Amino acid sequence: MTRLFRIPLHGLCVVIVCFIGCTVASDVTIETDLPGTDHETSPDSTYFEPQFIGFAYMGGWDEYADELTEWGYGTDIYPPYVKVRLITESYFDYASDDPQREREYCEVRAEFDYNPEELLARGHKSDLPIELRAGYEGQLSVYGYDGLRCGDFDPAIWDNGEPFVAIDGMRFGIGFSSLSQDHADFWGSEILSQYGDYMLSSYVAINRPNETESLDFIARDWSTSLLWQWDTQTHEVYTNNDNALIGQDTSDPFLSGWITSYFVHYIDLVDLDIDRL
């Protein structure tokens, strides 16, 4: 069973223009989309065979209240959600505006039913322990897809030829900390000079098999999050006179704002057991 619906953009893409057009690494897509875009069945008779999976959070965060929340733009209110992107190795061969890239990914949109938790976190490259400012653990509930190939999965591997069963109900954790050195190196000095004060590293935890055939649940810095100012009471996102988002300095003792997250690292599906996510 698939639950799909469409949510209109209502002009939200206008306010995120401040982060579009920057020179970024080839495996990061700067997006303006919202959850719920219906998938189309591909005319291609071959199966879509993703090699990697990534995770990114979009939504409000109130550190003082210790919660992930909805956010508003104008008169519209949007719930927080998690993007789960499944990609092929060929995905990296195309620019973000190349239409061919649309055939190299499927993006799953999911609500996150969570509780605040103290997550075990380590650096992606350093493997050193990381102290998170906040952590949340729960499960994902799939409600939509974005991508031409979301109905083309091999049914011998993915139930019903789509990723719904594997991801719906999967265990998921996310936490936030200061921008990791790995992420700072990834974005480079030009991006950091413009947005570094607003950047956090998002540490994502999922079930991963270990050498003992049991599962580890360790948060790693898989995505970068930018924090934008909002009205702390209504959660309406602030924009300036040019209708551009206003960054929230992440050095403040308590953080509150709208988070937009961007994929930095992907996990090789060979290293996972999709039946135990």
# chains A, B, ... in the order shown; residues from 1 in each chain; ligands from 1
$ select_by_dssp --residues "segment 62-174 of chain A" --states "alpha helix (DSSP H)" --output "ChimeraX atom specification"
/A:164-167
$ write_last_selection --atoms "C-alpha atoms" --output "mmCIF file, in the first residue's frame"
data_model
loop_
_atom_site.group_PDB
_atom_site.id
_atom_site.type_symbol
_atom_site.label_atom_id
_atom_site.label_comp_id
_atom_site.auth_asym_id
_atom_site.auth_seq_id
_atom_site.Cartn_x
_atom_site.Cartn_y
_atom_site.Cartn_z
ATOM 1 C CA PHE A 164 7.692 1.764 0.992
ATOM 2 C CA VAL A 165 7.860 -1.434 3.062
ATOM 3 C CA ALA A 166 11.599 -1.173 3.750
ATOM 4 C CA ILE A 167 11.476 2.442 4.962
#
$ closest_atom_pairs --of "segment 52-94 of chain A" --to "segment 127-139 of chain A" --cutoff "10 Å" --atoms "only C-alpha atoms" --output "CSV"
residue,atom,partner,partner_atom,distance
A:Trp61,CA,A:Ala134,CA,9.8
A:Asp62,CA,A:Ala134,CA,9.8
A:Glu63,CA,A:Ala134,CA,7.1
A:Tyr64,CA,A:Ala134,CA,9.8
A:Asp66,CA,A:Ala134,CA,7.2
A:Glu67,CA,A:Tyr136,CA,8.3
A:Leu68,CA,A:Tyr136,CA,8.6
$ residues_around --residues "Gly196 of chain A" --least-positions-apart "3" --cutoff "10 Å" --atoms "only C-alpha atoms" --output "list in words"
Leu179, Ala184, Trp187, Gly188, Ser189, Glu190, Ile191, Leu192, Ser193, Met199, Leu200, Leu226, Gly247, Asp249 and Thr250 of chain A
$ write_last_selection --atoms "C-alpha atoms" --output "tab-separated table (two decimals), in the first residue's frame"
chain	number	residue	atom	x	y	z
A	179	LEU	CA	29.73	21.88	11.99
A	184	ALA	CA	33.70	22.28	6.70
A	187	TRP	CA	31.79	22.88	1.61
A	188	GLY	CA	34.97	24.93	1.31
A	189	SER	CA	35.86	28.49	2.20
A	190	GLU	CA	33.53	30.26	-0.26
A	191	ILE	CA	30.37	28.64	1.12
A	192	LEU	CA	31.58	28.90	4.73
A	193	SER	CA	32.26	32.63	4.37
A	199	MET	CA	25.60	25.72	9.71
A	200	LEU	CA	25.28	22.63	11.89
A	226	LEU	CA	21.38	25.43	7.91
A	247	GLY	CA	20.46	33.02	9.08
A	249	ASP	CA	23.87	32.18	14.41
A	250	THR	CA	24.51	28.67	15.77
$ closest_residue --among "A:Val237, A:Val204, A:Leu86, A:Ile274" --to "Ile259 of chain A" --atoms "only C-alpha atoms"
A:Val237
$ residues_around --residues "Pro163 of chain A" --least-positions-apart "2" --cutoff "10 Å" --atoms "only C-alpha atoms" --output "count of residues only"
23
$ select_by_dssp --residues "segment 41-98 of chain A" --states "strand (DSSP E or B)" --output "list in words"
Phe48, Phe52, Ile53, Gly54, Phe55, Ala56, Tyr57, Met58, Gly59, Gly60, Trp61, Asp62, Glu67, Leu68, Thr69, Trp71, Gly72, Tyr73, Asp76, Ile77, Tyr78, Tyr81, Val82, Lys83, Val84, Arg85, Leu86 and Ile87 of chain A
$ closest_residue --among "A:Glu49, A:Glu118, A:Asp76, A:Asp97" --to "Phe217 of chain A" --atoms "only C-alpha atoms"
A:Glu118
$ residues_around --residues "Gly123 of chain A" --least-positions-apart "5" --cutoff "12 Å" --atoms "only C-alpha atoms" --output "compact mmCIF listing (two decimals) with N, CA and C atoms, in the first residue's frame"
# COMPACT_ATOMS: atom_id res chain seq x y z
N LEU A 128 35.62 9.57 16.23
CA LEU A 128 35.72 10.06 17.60
C LEU A 128 34.33 10.36 18.15
N PRO A 129 34.15 10.18 19.47
CA PRO A 129 32.84 10.50 20.08
C PRO A 129 32.48 11.96 19.90
N ILE A 130 31.21 12.23 19.67
CA ILE A 130 30.71 13.59 19.48
C ILE A 130 29.62 13.86 20.50
N GLU A 131 29.67 15.03 21.14
CA GLU A 131 28.61 15.45 22.05
C GLU A 131 27.58 16.25 21.26
N LEU A 132 26.37 15.77 21.22
CA LEU A 132 25.31 16.43 20.47
C LEU A 132 24.60 17.49 21.31
N SER A 177 24.89 19.04 16.08
CA SER A 177 26.08 19.53 16.75
C SER A 177 26.74 20.58 15.87
N SER A 178 27.80 21.18 16.37
CA SER A 178 28.50 22.18 15.57
C SER A 178 29.04 21.55 14.29
N LEU A 179 29.29 22.37 13.29
CA LEU A 179 29.73 21.88 11.99
C LEU A 179 31.02 21.08 12.14
N SER A 180 31.01 19.85 11.68
CA SER A 180 32.20 19.00 11.79
C SER A 180 33.28 19.47 10.83
N GLN A 181 34.52 19.13 11.14
CA GLN A 181 35.63 19.50 10.25
C GLN A 181 35.46 18.85 8.89
N ASP A 182 34.95 17.64 8.89
CA ASP A 182 34.69 16.94 7.63
C ASP A 182 33.74 17.74 6.75
N HIS A 183 32.66 18.25 7.34
CA HIS A 183 31.70 19.04 6.57
C HIS A 183 32.27 20.40 6.16
N SER A 201 26.09 20.37 11.79
CA SER A 201 26.14 19.02 11.23
C SER A 201 25.00 18.21 11.83
N SER A 202 24.28 17.51 10.96
CA SER A 202 23.21 16.60 11.39
C SER A 202 23.79 15.20 11.50
N TYR A 203 23.60 14.59 12.66
CA TYR A 203 24.11 13.23 12.90
C TYR A 203 22.93 12.26 12.84
N VAL A 204 22.98 11.36 11.86
CA VAL A 204 21.88 10.44 11.59
C VAL A 204 22.24 9.04 12.05
N ALA A 205 21.31 8.38 12.73
CA ALA A 205 21.50 7.00 13.18
C ALA A 205 20.43 6.11 12.56
N ILE A 218 24.38 4.08 15.69
CA ILE A 218 25.32 5.16 16.02
C ILE A 218 25.10 6.30 15.05
N ALA A 219 24.93 7.51 15.57
CA ALA A 219 24.70 8.67 14.73
C ALA A 219 26.02 9.17 14.13
N ARG A 220 25.99 9.43 12.83
CA ARG A 220 27.15 9.95 12.12
C ARG A 220 26.76 11.23 11.39
N ASP A 221 27.75 12.07 11.07
CA ASP A 221 27.47 13.36 10.43
C ASP A 221 27.25 13.16 8.92
N TRP A 222 26.00 12.76 8.59
CA TRP A 222 25.66 12.43 7.20
C TRP A 222 25.15 13.62 6.41
N SER A 223 24.65 14.67 7.07
CA SER A 223 24.11 15.81 6.33
C SER A 223 24.44 17.11 7.06
N HIS A 265 26.98 12.88 2.87
CA HIS A 265 27.47 11.51 2.74
C HIS A 265 26.30 10.56 2.50
$ residues_around --residues "Asp271 of chain A" --least-positions-apart "2" --cutoff "9 Å" --atoms "only C-alpha atoms" --output "number ranges by chain"
A: 208-209, 267-269, 273
$ atom_distance --atom1 "atom CA of Thr239 of chain A" --atom2 "atom CA of Leu227 of chain A"
12.9 Å
$ residues_around --residues "Leu272 of chain A" --least-positions-apart "6" --cutoff "12 Å" --atoms "only C-alpha atoms" --output "PyMOL selection string"
chain A and resi 51-53+166+206-210+213-217+266
$ write_last_selection --atoms "C-alpha atoms" --output "mmCIF file, in the first residue's frame"
data_model
loop_
_atom_site.group_PDB
_atom_site.id
_atom_site.type_symbol
_atom_site.label_atom_id
_atom_site.label_comp_id
_atom_site.auth_asym_id
_atom_site.auth_seq_id
_atom_site.Cartn_x
_atom_site.Cartn_y
_atom_site.Cartn_z
ATOM 1 C CA GLN A 51 23.586 1.685 -4.607
ATOM 2 C CA PHE A 52 23.474 4.354 -1.878
ATOM 3 C CA ILE A 53 21.072 5.887 0.643
ATOM 4 C CA ALA A 166 11.599 -1.173 3.750
ATOM 5 C CA ILE A 206 19.956 3.939 11.523
ATOM 6 C CA ASN A 207 20.235 0.201 12.139
ATOM 7 C CA ARG A 208 23.513 -1.020 10.646
ATOM 8 C CA PRO A 209 24.792 -4.605 10.856
ATOM 9 C CA ASN A 210 28.110 -5.064 12.638
ATOM 10 C CA GLU A 213 25.663 -9.860 13.008
ATOM 11 C CA SER A 214 23.800 -7.670 15.498
ATOM 12 C CA LEU A 215 22.857 -4.044 14.803
ATOM 13 C CA ASP A 216 24.602 -0.795 15.690
ATOM 14 C CA PHE A 217 22.654 2.427 16.090
ATOM 15 C CA TYR A 266 25.594 8.439 1.530
#
$ closest_residue --among "A:Thr69, A:Thr46, A:Ser141, A:Gln194" --to "Val84 of chain A" --atoms "only C-alpha atoms"
A:Ser141
